[in-house]
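Structure file coords.cif with mmCIF, C-alpha atoms:
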```cif
data_query
#
loop_
_atom_site.label_atom_id
_atom_site.label_comp_id
_atom_site.auth_asym_id
_atom_site.auth_seq_id
_atom_site.Cartn_x
_atom_site.Cartn_y
_atom_site.Cartn_z
CA MET A 422 -23.92 12.41 18.86
CA GLN A 423 -24.50 10.34 15.73
CA GLU A 424 -22.43 11.18 12.67
CA ALA A 425 -24.51 11.99 9.59
CA PRO A 426 -22.48 13.08 6.59
CA ALA A 427 -24.41 14.68 3.78
CA ARG A 428 -23.14 12.34 1.10
CA ILE A 429 -20.43 9.72 1.03
CA PRO A 430 -18.32 10.25 -2.09
CA ASN A 431 -18.24 7.32 -4.49
CA LEU A 432 -14.48 7.31 -5.05
CA TYR A 433 -14.28 3.61 -5.83
CA PRO A 434 -14.43 3.71 -9.68
CA SER A 435 -11.95 6.60 -9.97
CA TYR A 436 -9.62 5.05 -7.40
CA GLY A 437 -9.75 1.71 -9.21
CA LEU A 438 -8.87 3.37 -12.52
CA PHE A 439 -6.06 5.27 -10.84
CA GLN A 440 -4.65 2.05 -9.38
CA ALA A 441 -4.86 0.39 -12.79
CA GLY A 442 -2.57 3.08 -14.19
CA ALA A 443 -0.24 3.13 -11.18
CA SER A 444 0.17 -0.67 -11.13
CA ALA A 445 0.70 -0.85 -14.88
CA VAL A 446 3.33 1.91 -14.88
CA ASP A 447 5.10 0.31 -11.93
CA LEU A 448 5.35 -2.88 -14.00
CA LEU A 449 6.33 -1.11 -17.22
CA THR A 450 9.00 1.20 -15.77
CA LEU A 451 11.83 -1.33 -15.75
CA ILE A 452 10.73 -2.95 -19.03
CA PHE A 453 10.61 0.40 -20.79
CA ILE A 454 13.99 1.68 -19.56
CA ALA A 455 15.72 -1.69 -20.07
CA ARG A 456 14.62 -1.68 -23.71
CA ILE A 457 15.47 1.90 -24.69
CA LEU A 458 18.61 2.57 -22.61
CA PRO A 459 21.84 0.60 -22.06
CA THR A 460 21.68 -0.19 -18.33
CA SER A 461 23.22 -2.64 -15.88
CA PRO A 462 21.29 -4.76 -13.34
CA SER A 463 22.48 -2.53 -10.50
CA GLN A 464 21.19 0.58 -12.31
CA LEU A 465 17.84 -1.08 -12.90
CA SER A 466 17.69 -2.12 -9.25
CA PHE A 467 18.31 1.48 -8.18
CA LEU A 468 15.63 2.68 -10.61
CA ASP A 469 13.21 0.17 -9.11
CA SER A 470 13.94 1.44 -5.58
CA ILE A 471 13.34 5.08 -6.53
CA SER A 472 9.59 4.71 -5.92
CA THR A 473 10.29 3.52 -2.38
CA PHE A 474 12.32 6.65 -1.65
CA ALA A 475 9.54 8.77 -3.13
CA THR A 476 6.95 7.05 -0.94
CA LEU A 477 9.06 7.73 2.16
CA PHE A 478 9.38 11.39 1.20
CA ALA A 479 5.64 11.65 0.63
CA ALA A 480 4.90 10.00 3.97
CA VAL A 481 7.15 12.36 5.93
CA ALA A 482 6.33 15.60 4.09
CA PHE A 483 2.61 15.16 3.60
CA GLY A 484 2.15 13.31 6.89
CA TRP A 485 3.42 16.47 8.59
CA LEU A 486 1.15 18.68 6.47
CA ALA A 487 -1.84 16.42 7.13
CA GLY A 488 -2.10 17.77 10.67
CA ARG A 489 -2.54 21.29 9.29
CA ILE A 490 -4.92 20.80 6.36
CA VAL A 491 -8.20 19.10 5.58
CA PRO A 492 -8.46 17.16 2.29
CA SER A 493 -10.61 18.76 -0.38
CA ARG A 494 -11.64 18.15 -3.97
CA PRO A 495 -8.74 20.20 -5.40
CA ILE A 496 -6.13 18.40 -3.30
CA LEU A 497 -7.22 14.94 -4.45
CA ALA A 498 -7.73 15.97 -8.08
CA ILE A 499 -4.42 17.87 -8.27
CA SER A 500 -2.52 14.90 -6.83
CA MET A 501 -3.98 12.62 -9.54
CA VAL A 502 -3.31 15.17 -12.29
CA ALA A 503 0.29 15.50 -11.07
CA ALA A 504 0.62 11.71 -11.15
CA ALA A 505 -0.78 11.63 -14.70
CA LEU A 506 1.59 14.36 -15.91
CA SER A 507 4.60 12.64 -14.36
CA ILE A 508 3.61 9.39 -16.13
CA LEU A 509 3.18 11.18 -19.47
CA ILE A 510 6.56 12.92 -19.14
CA PHE A 511 8.23 9.67 -18.07
CA ALA A 512 7.33 8.22 -21.46
CA THR A 513 9.73 10.77 -22.98
CA SER A 514 12.76 9.58 -20.96
CA SER A 515 15.92 9.51 -23.04
CA THR A 516 18.71 9.36 -20.44
CA LEU A 517 19.17 7.37 -17.24
CA TRP A 518 19.35 10.40 -14.97
CA MET A 519 16.14 11.71 -16.50
CA ALA A 520 14.48 8.31 -16.00
CA ASN A 521 15.54 8.24 -12.32
CA ALA A 522 14.28 11.78 -11.68
CA LEU A 523 10.95 11.14 -13.40
CA ALA A 524 10.56 7.74 -11.70
CA PHE A 525 10.89 9.57 -8.37
CA MET A 526 8.16 12.00 -9.43
CA VAL A 527 5.91 9.15 -10.55
CA GLY A 528 6.42 7.36 -7.23
CA LEU A 529 5.83 10.56 -5.26
CA PHE A 530 2.58 11.60 -6.92
CA THR A 531 1.11 8.10 -7.26
CA ALA A 532 1.69 7.66 -3.51
CA LEU A 533 -0.45 10.65 -2.56
CA PRO A 534 -3.93 9.40 -3.62
CA ASN A 535 -3.21 6.10 -1.82
CA SER A 536 -3.41 8.05 1.46
CA LEU A 537 -5.72 10.88 0.42
CA ALA A 538 -8.59 8.62 -0.69
CA PRO A 539 -8.95 6.68 2.61
CA TRP A 540 -8.44 9.93 4.53
CA ILE A 541 -11.35 11.54 2.70
CA LEU A 542 -13.55 8.51 3.32
CA SER A 543 -12.71 8.56 7.03
CA LEU A 544 -13.88 12.18 7.23
CA GLU A 545 -17.04 11.67 5.21
CA THR A 546 -18.07 8.25 6.52
CA PRO A 547 -19.58 7.42 9.93
CA ARG A 548 -17.14 5.60 12.18
CA SER A 549 -19.31 2.48 12.17
CA LYS A 550 -18.92 2.28 8.37
CA TRP A 551 -15.16 2.73 8.16
CA GLY A 552 -14.45 -0.96 7.71
CA GLU A 553 -16.94 -1.22 4.87
CA ALA A 554 -15.66 1.96 3.18
CA TYR A 555 -11.99 0.95 3.44
CA GLY A 556 -12.85 -2.54 2.23
CA LYS A 557 -14.64 -1.23 -0.88
CA LEU A 558 -11.76 1.15 -1.60
CA ALA A 559 -9.16 -1.61 -1.30
CA THR A 560 -11.33 -3.90 -3.43
CA ALA A 561 -11.57 -1.28 -6.17
CA GLY A 562 -7.82 -0.68 -5.98
CA ALA A 563 -6.96 -4.38 -6.12
CA LEU A 564 -9.31 -4.95 -9.05
CA GLY A 565 -7.92 -1.95 -10.88
CA GLY A 566 -4.35 -3.12 -10.28
CA ALA A 567 -5.14 -6.57 -11.64
CA ILE A 568 -6.82 -5.08 -14.73
CA GLY A 569 -3.89 -2.72 -15.31
CA VAL A 570 -1.35 -5.55 -15.20
CA ALA A 571 -3.52 -7.79 -17.41
CA VAL A 572 -4.12 -5.10 -20.05
CA SER A 573 -0.42 -4.18 -20.13
CA PHE A 574 0.63 -7.79 -20.55
CA GLY A 575 -1.95 -8.25 -23.28
CA PHE A 576 -0.67 -5.19 -25.15
CA LEU A 577 2.96 -6.30 -24.88
CA SER A 578 2.13 -9.84 -25.97
CA THR A 579 0.17 -8.53 -28.95
CA ALA A 580 3.02 -6.22 -29.94
CA GLN A 581 5.49 -9.09 -29.77
CA ARG A 582 3.31 -11.39 -31.83
CA TRP A 583 2.24 -8.85 -34.45
CA PRO A 584 5.02 -6.26 -34.83
CA GLY A 585 3.09 -4.56 -37.62
CA LEU A 586 0.64 -3.08 -35.09
CA LYS A 587 3.37 -0.69 -33.84
CA ILE A 588 2.37 -0.96 -30.17
CA SER A 589 5.36 0.32 -28.20
CA ASP A 590 6.10 0.50 -24.48
CA GLN A 591 6.05 4.28 -24.80
CA SER A 592 2.55 4.36 -26.25
CA LEU A 593 1.34 2.03 -23.50
CA ILE A 594 2.74 4.33 -20.79
CA LEU A 595 1.10 7.31 -22.52
CA LEU A 596 -2.19 5.39 -22.49
CA TRP A 597 -2.01 4.89 -18.74
CA GLY A 598 -1.12 8.55 -18.25
CA VAL A 599 -4.30 9.54 -20.05
CA ALA A 600 -6.26 6.98 -18.00
CA THR A 601 -4.93 8.61 -14.83
CA LEU A 602 -6.16 12.00 -16.08
CA VAL A 603 -9.59 10.44 -16.56
CA ALA A 604 -9.39 9.11 -13.00
CA ALA A 605 -8.64 12.63 -11.75
CA ALA A 606 -11.71 14.00 -13.55
CA ALA A 607 -13.83 11.15 -12.16
CA SER A 608 -12.64 11.80 -8.61
CA TRP A 609 -13.53 15.50 -8.99
CA ARG A 610 -17.04 14.57 -10.07
CA ALA A 611 -17.41 11.93 -7.33
CA THR A 612 -16.58 14.39 -4.56
CA ALA A 613 -18.96 17.11 -5.75
CA GLY A 614 -21.16 18.27 -2.90
CA SER A 615 -19.42 16.21 -0.24
CA LEU A 616 -16.05 17.79 0.51
CA GLY A 617 -16.66 21.49 0.03
CA GLN A 618 -18.65 22.06 3.21
CA THR A 619 -16.52 19.68 5.24
CA ALA A 620 -13.33 21.42 4.16
CA ARG A 621 -14.65 24.76 5.44
CA VAL A 622 -16.07 23.75 8.81
CA ALA A 623 -13.92 20.77 9.69
CA PRO A 624 -10.76 22.51 10.98
CA ARG A 625 -12.48 24.31 13.83
CA LEU A 626 -14.78 21.42 14.74
CA LEU A 627 -12.07 18.80 14.52
CA GLN A 628 -9.65 20.93 16.51
CA ALA A 629 -12.17 21.28 19.31
CA SER A 630 -13.14 17.61 19.30
CA SER A 631 -9.55 16.39 19.10
CA LYS A 632 -8.53 18.59 22.03
CA PHE A 633 -11.38 17.16 24.05
CA ILE A 634 -10.56 13.56 23.11
CA LEU A 635 -6.84 13.96 23.59
CA ASN A 636 -7.02 15.96 26.81
CA THR A 637 -9.64 13.82 28.55
CA PRO A 638 -7.38 10.76 29.00
CA ARG A 639 -4.60 13.08 30.11
CA VAL A 640 -6.80 14.58 32.83
CA VAL A 641 -7.89 11.14 33.98
CA ARG A 642 -4.31 9.91 33.94
CA GLN A 643 -3.08 12.90 35.96
CA ALA A 644 -5.82 12.37 38.53
CA THR A 645 -5.04 8.70 38.94
CA GLU A 646 -1.29 9.22 39.06
CA LYS A 647 -1.16 11.84 41.79
CA SER A 648 -0.34 9.13 44.26
CA ARG A 649 2.16 7.53 41.85
CA GLN A 650 4.41 10.41 40.81
CA PRO A 651 7.42 8.24 39.77
CA SER A 652 5.32 6.40 37.18
CA ALA A 653 4.28 9.51 35.21
CA PRO A 654 7.45 9.86 33.10
CA ARG A 655 7.40 6.16 32.35
CA SER A 656 3.78 6.41 31.13
CA SER A 657 4.71 9.28 28.84
CA VAL A 658 7.63 7.38 27.39
CA ALA A 659 5.51 4.26 26.92
CA SER A 660 2.83 6.25 25.13
CA LEU A 661 5.35 7.72 22.67
CA ARG A 662 6.92 4.32 22.15
CA ASP A 663 3.54 2.70 21.49
CA VAL A 664 2.70 5.31 18.84
CA TRP A 665 5.93 4.71 16.93
CA VAL A 666 5.62 0.94 17.22
CA VAL A 667 2.03 0.81 15.98
CA TYR A 668 2.29 3.39 13.19
CA THR A 669 5.80 2.85 11.84
CA ILE A 670 7.97 0.04 13.25
CA ALA A 671 5.48 -2.84 13.26
CA PRO A 672 3.99 -2.08 9.80
CA ALA A 673 7.49 -1.66 8.35
CA ILE A 674 8.63 -5.04 9.72
CA LEU A 675 5.39 -6.75 8.70
CA PHE A 676 5.56 -5.49 5.13
CA LEU A 677 9.28 -6.19 4.98
CA GLY A 678 8.34 -9.84 5.51
CA LEU A 679 5.54 -9.56 2.94
CA GLY A 680 7.90 -8.02 0.39
CA MET A 681 10.56 -10.66 0.98
CA SER A 682 8.11 -13.52 0.50
CA TYR A 683 6.50 -11.94 -2.59
CA THR A 684 9.74 -11.15 -4.42
CA GLY A 685 11.47 -14.29 -3.16
CA THR A 686 8.74 -16.48 -4.65
CA LEU A 687 8.80 -14.71 -8.01
CA LEU A 688 12.61 -14.82 -8.17
CA TYR A 689 12.63 -18.51 -7.33
CA MET A 690 10.07 -19.22 -10.05
CA PHE A 691 12.21 -17.24 -12.50
CA GLU A 692 15.66 -18.55 -11.54
CA GLY A 693 15.06 -21.78 -9.65
CA MET A 694 12.26 -23.28 -11.74
CA LYS A 695 13.14 -21.44 -14.98
CA SER A 696 9.48 -20.54 -15.45
CA PRO A 697 8.51 -18.81 -18.71
CA GLY A 698 7.18 -15.26 -18.76
CA PRO A 699 3.50 -16.16 -19.24
CA LEU A 700 3.62 -18.46 -16.21
CA LEU A 701 5.13 -15.71 -14.06
CA PHE A 702 2.48 -13.31 -15.29
CA GLY A 703 -0.23 -15.84 -14.43
CA LEU A 704 1.21 -16.12 -10.92
CA LEU A 705 1.30 -12.34 -10.54
CA LEU A 706 -2.25 -11.97 -11.82
CA LEU A 707 -3.46 -14.73 -9.48
CA PHE A 708 -1.87 -12.89 -6.56
CA ARG A 709 -3.69 -9.67 -7.43
CA THR A 710 -6.97 -11.45 -8.11
CA SER A 711 -6.93 -13.26 -4.77
CA SER A 712 -6.09 -9.97 -3.07
CA TRP A 713 -9.12 -8.40 -4.75
CA LEU A 714 -11.46 -11.23 -3.74
CA ALA A 715 -10.24 -11.15 -0.13
CA SER A 716 -10.62 -7.37 0.01
CA ALA A 717 -14.25 -7.72 -1.02
CA ILE A 718 -15.16 -9.73 2.10
CA THR A 719 -13.00 -7.88 4.63
CA GLY A 720 -15.50 -5.07 5.17
CA GLY A 721 -18.11 -7.58 6.36
CA LEU A 722 -15.60 -9.27 8.66
CA LEU A 723 -14.80 -5.95 10.32
CA ASN A 724 -18.43 -5.74 11.45
CA GLN A 725 -17.94 -8.98 13.42
CA PHE A 726 -14.32 -8.91 14.60
CA THR A 727 -11.81 -6.27 15.64
CA PRO A 728 -9.22 -5.11 13.07
CA LEU A 729 -6.41 -6.56 15.21
CA ARG A 730 -8.01 -10.02 15.28
CA ILE A 731 -8.48 -10.08 11.51
CA ASN A 732 -4.97 -8.70 11.05
CA GLN A 733 -3.52 -11.48 13.18
CA ALA A 734 -5.54 -14.19 11.43
CA ALA A 735 -4.49 -12.96 7.98
CA GLY A 736 -0.88 -12.74 9.15
CA VAL A 737 -0.97 -16.32 10.41
CA TRP A 738 -2.36 -17.56 7.07
CA ARG A 739 0.36 -15.65 5.22
CA ILE A 740 3.03 -17.17 7.47
CA LEU A 741 1.65 -20.68 6.95
CA ALA A 742 1.59 -20.18 3.17
CA VAL A 743 5.16 -18.86 3.16
CA THR A 744 6.26 -21.79 5.31
CA GLY A 745 4.67 -24.16 2.81
CA LEU A 746 6.47 -22.43 -0.06
CA SER A 747 9.83 -22.61 1.69
CA LEU A 748 9.36 -26.34 2.36
CA LEU A 749 8.28 -26.88 -1.25
CA PHE A 750 11.42 -25.17 -2.52
CA LEU A 751 13.53 -27.70 -0.58
CA LEU A 752 11.92 -30.62 -2.39
CA PRO A 753 12.82 -31.83 -5.91
CA HIS A 754 10.68 -30.33 -8.66
CA SER A 755 7.72 -32.38 -9.89
CA LEU A 756 4.52 -31.97 -11.86
CA TRP A 757 2.78 -30.93 -8.65
CA SER A 758 5.22 -28.13 -7.82
CA ILE A 759 3.63 -25.45 -10.02
CA PRO A 760 -0.02 -26.02 -8.91
CA VAL A 761 1.05 -26.05 -5.24
CA VAL A 762 3.02 -22.82 -5.71
CA PHE A 763 -0.03 -21.22 -7.34
CA ALA A 764 -2.32 -22.33 -4.48
CA LEU A 765 0.01 -21.13 -1.72
CA PHE A 766 0.78 -17.87 -3.51
CA SER A 767 -2.93 -17.16 -3.90
CA ILE A 768 -3.25 -17.48 -0.10
CA CYS A 769 -0.40 -14.99 0.20
CA GLY A 770 -2.30 -12.58 -2.05
CA ALA A 771 -5.54 -12.93 -0.10
CA ALA A 772 -3.77 -12.38 3.21
CA GLY A 773 -1.93 -9.36 1.81
CA GLY A 774 -5.18 -7.78 0.67
CA ILE A 775 -6.70 -8.21 4.13
CA LEU A 776 -3.61 -6.88 5.89
CA GLY A 777 -3.67 -3.72 3.78
CA ILE A 778 -7.24 -2.94 4.88
CA THR A 779 -6.99 -3.90 8.54
CA GLY A 780 -3.77 -1.90 8.87
CA VAL A 781 -5.46 1.34 7.81
CA VAL A 782 -8.49 0.66 10.01
CA SER A 783 -6.30 -0.14 13.01
CA VAL A 784 -4.29 3.08 12.84
CA THR A 785 -7.37 5.29 12.50
CA ASP A 786 -9.89 3.47 14.68
CA THR A 787 -8.94 5.07 18.01
CA LEU A 788 -7.83 8.49 16.75
CA PRO A 789 -9.83 11.71 16.34
CA LYS A 790 -10.42 12.54 12.70
CA ARG A 791 -7.99 15.43 12.79
CA HIS A 792 -5.08 12.98 12.99
CA HIS A 793 -6.25 10.47 10.40
CA GLY A 794 -4.24 11.99 7.56
CA SER A 795 -0.95 11.84 9.47
CA ALA A 796 -1.65 8.28 10.66
CA ILE A 797 -2.53 7.02 7.17
CA PHE A 798 0.48 8.70 5.57
CA LEU A 799 2.80 7.24 8.23
CA PHE A 800 1.32 3.76 7.87
CA ASN A 801 1.50 3.78 4.08
CA GLY A 802 5.00 5.22 4.10
CA ALA A 803 6.32 2.68 6.60
CA SER A 804 4.60 -0.27 4.92
CA ASN A 805 5.76 0.68 1.41
CA ALA A 806 9.29 1.27 2.63
CA GLY A 807 9.27 -2.09 4.38
CA ALA A 808 7.98 -3.84 1.26
CA GLY A 809 10.63 -2.18 -0.90
CA ILE A 810 13.46 -3.08 1.46
CA GLY A 811 12.06 -6.60 1.73
CA ALA A 812 12.07 -7.02 -2.05
CA TRP A 813 15.67 -5.79 -2.25
CA THR A 814 16.72 -8.02 0.67
CA ALA A 815 15.07 -11.09 -0.85
CA GLY A 816 17.29 -10.79 -3.91
CA ILE A 817 20.45 -10.51 -1.81
CA ILE A 818 19.58 -13.35 0.56
CA GLY A 819 18.31 -15.52 -2.29
CA GLN A 820 21.55 -15.08 -4.19
CA GLU A 821 23.76 -15.81 -1.18
CA LEU A 822 21.78 -18.32 0.89
CA GLY A 823 18.99 -19.50 -1.38
CA PHE A 824 15.36 -18.48 -1.69
CA THR A 825 14.27 -20.96 0.97
CA ALA A 826 16.31 -18.96 3.50
CA ALA A 827 14.76 -15.73 2.21
CA LEU A 828 11.22 -17.08 2.73
CA ALA A 829 12.11 -18.45 6.15
CA LEU A 830 13.46 -15.06 7.26
CA SER A 831 10.37 -13.36 5.87
CA GLY A 832 8.24 -15.61 8.08
CA VAL A 833 10.34 -14.68 11.12
CA ALA A 834 9.89 -10.98 10.34
CA MET A 835 6.11 -11.36 10.06
CA VAL A 836 5.89 -13.29 13.33
CA PHE A 837 7.87 -10.60 15.11
CA ALA A 838 5.71 -7.81 13.64
CA LEU A 839 2.46 -9.52 14.68
CA TRP A 840 3.86 -10.00 18.18
CA LEU A 841 4.69 -6.29 18.37
CA LEU A 842 1.17 -5.30 17.29
CA HIS A 843 -0.32 -7.69 19.85
CA ARG A 844 2.06 -6.44 22.55
CA TYR A 845 1.45 -2.73 22.03
#
```
Represent the structure contained in this file as structure tokens.
Amino acid sequence: MQEAPARIPNLYPSYGLFQAGASAVDLLTLIFIARILPTSPSQLSFLDSISTFATLFAAVAFGWLAGRIVPSRPILAISMVAAALSILIFATSSTLWMANALAFMVGLFTALPNSLAPWILSLETPRSKWGEAYGKLATAGALGGAIGVAVSFGFLSTAQRWPGLKISDQSLILLWGVATLVAAAASWRATAGSLGQTARVAPRLLQASSKFILNTPRVVRQATEKSRQPSAPRSSVASLRDVWVVYTIAPAILFLGLGMSYTGTLLYMFEGMKSPGPLLFGLLLLFRTSSWLASAITGGLLNQFTPLRINQAAGVWRILAVTGLSLLFLLPHSLWSIPVVFALFSICGAAGGILGITGVVSVTDTLPKRHHGSAIFLFNGASNAGAGIGAWTAGIIGQELGFTAALALSGVAMVFALWLLHRY
């Protein structure tokens, strides 16, 4: 039976604006606290990791709830409003414990729309259009993130150059909190007429369809295994193992490698090459821009190739770029070092943008819609946790063994993760 949703919600502008605020606040958190409070590097490092813990909590808690609810307009809008309020309150931080608690809340509530938006699109979009819908959503998010970082850097640079304008970090965070409220209102308007009916009828329909889809392979498997009784327990164990590998272990290892290479490159530019702030910002903006451009073409590629094939190809390009960076870091610095770093890092950004899209498509492609929320929450939680641990590990390995070793180990982690995905 052909799927024919009444109207696909246009969440792309509101999601892009939300990502602009989330990316900007993520960048401003450490800058803001470091300027207003006396803190040590270890305290700032812990503050930076708070969002990772919040993402893990969101993945576990709301991933469990996702099997019992259907996303609706209020759920998406409330999650964005909660994110906006947590950002606005964070701007009032006056003590370190308060900053840590509010940073956890910011990380928690900004993590929710990252899973809710693709979940809603998967319910409202025909299966044949999932790749295109996820691609547009990721493109809007990447563009919004790049704009958020660029605007924040522009504001901070202006404030430093013309102190008389009285542009503070606090006012900039308040601005992005208000922008997130606007994104919540825009998402409410975008989902008008599309989620209300689905939210009422979907639980019963999805429950029936999921039981049929999930039970049919079980019946076939039981019929074919009557003559092979000893293999039944092994099949059950393998199935459970495959689920955990595909949805948690492999994404966590893959994004651990991505996080190590991303942070390792930036740290090397800062400490090894003594690059100035504007150059580092240019590198960061290039990474986000290349991720946005790659996201824009991924939807079309998914109409020609399977998500796993595109995922593997993007992973190979990321590994090759990281290998080139690690070899470059072994060579003496020259006039060509910076342009080569920019070129290789842009490839890393493009590959990262593709991997983010193909990962979500892969974990939802073979599942009934009832389980999409849990799968997306698990994937996003595992990948964000892996990226956070990778960033933390890159600093430790870079300090002890050098950033070349950190990039080399990140490449090994990505190779192992791609092998796991291919294997299972």
Task: Residues within 12 Å of Leu701 (chain A), only C-alpha atoms, excluding chain neighbours under 2 positions, as a ChimeraX atom specification - done: /A:574,684,686-692,694-699,703-708,759,762-763,766
Open item on the list: At a cut-off of 9 Å, using all atoms listed in the file, what residues contact Gln733 (chain A)? Leave out same-chain residues fewer than 3 positions from it and give the result as a list of chain:residue names.
Closed with: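 So the residues in contact are A:Pro728, A:Leu729, A:Arg730, A:Gly736, A:Val737, A:Trp738, A:Leu776, A:Leu839, A:Leu842, A:His843.
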Task: Atom pair CA of Tyr555 (chain A) / CA of Pro672 (chain A): separation (Å) - done: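 These two atoms are separated by 17.5 Å.
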Might I get the box with edges along x, y and z of the file that holds all atoms of region 730-733 of chain A listed there, padded by 5 Å on every side, given as centre and edge lengths in Å to one decimal, as lines of an AutoDock Vina configuration file?
```
center_x = -6.0
center_y = -10.1
center_z = 13.2
size_x = 15.0
size_y = 12.8
size_z = 14.2
```
Open item on the list: Suppose a student applies the PyMOL selection byres ((chain A and resi 816) around 12) to this structure; what residues should they get, written as number ranges by chain?
Closed with: A: 462-463, 466, 680-689, 691-692, 809-815, 817-828
Write the residues of the preceding selection, restricted to C-alpha atoms, as a CSV table (one decimal), keeping the file's coordinate frame.
```
chain,number,residue,atom,x,y,z
A,462,PRO,CA,21.3,-4.8,-13.3
A,463,SER,CA,22.5,-2.5,-10.5
A,466,SER,CA,17.7,-2.1,-9.2
A,680,GLY,CA,7.9,-8.0,0.4
A,681,MET,CA,10.6,-10.7,1.0
A,682,SER,CA,8.1,-13.5,0.5
A,683,TYR,CA,6.5,-11.9,-2.6
A,684,THR,CA,9.7,-11.2,-4.4
A,685,GLY,CA,11.5,-14.3,-3.2
A,686,THR,CA,8.7,-16.5,-4.6
A,687,LEU,CA,8.8,-14.7,-8.0
A,688,LEU,CA,12.6,-14.8,-8.2
A,689,TYR,CA,12.6,-18.5,-7.3
A,691,PHE,CA,12.2,-17.2,-12.5
A,692,GLU,CA,15.7,-18.6,-11.5
A,809,GLY,CA,10.6,-2.2,-0.9
A,810,ILE,CA,13.5,-3.1,1.5
A,811,GLY,CA,12.1,-6.6,1.7
A,812,ALA,CA,12.1,-7.0,-2.0
A,813,TRP,CA,15.7,-5.8,-2.2
A,814,THR,CA,16.7,-8.0,0.7
A,815,ALA,CA,15.1,-11.1,-0.8
A,817,ILE,CA,20.4,-10.5,-1.8
A,818,ILE,CA,19.6,-13.4,0.6
A,819,GLY,CA,18.3,-15.5,-2.3
A,820,GLN,CA,21.6,-15.1,-4.2
A,821,GLU,CA,23.8,-15.8,-1.2
A,822,LEU,CA,21.8,-18.3,0.9
A,823,GLY,CA,19.0,-19.5,-1.4
A,824,PHE,CA,15.4,-18.5,-1.7
A,825,THR,CA,14.3,-21.0,1.0
A,826,ALA,CA,16.3,-19.0,3.5
A,827,ALA,CA,14.8,-15.7,2.2
A,828,LEU,CA,11.2,-17.1,2.7
```
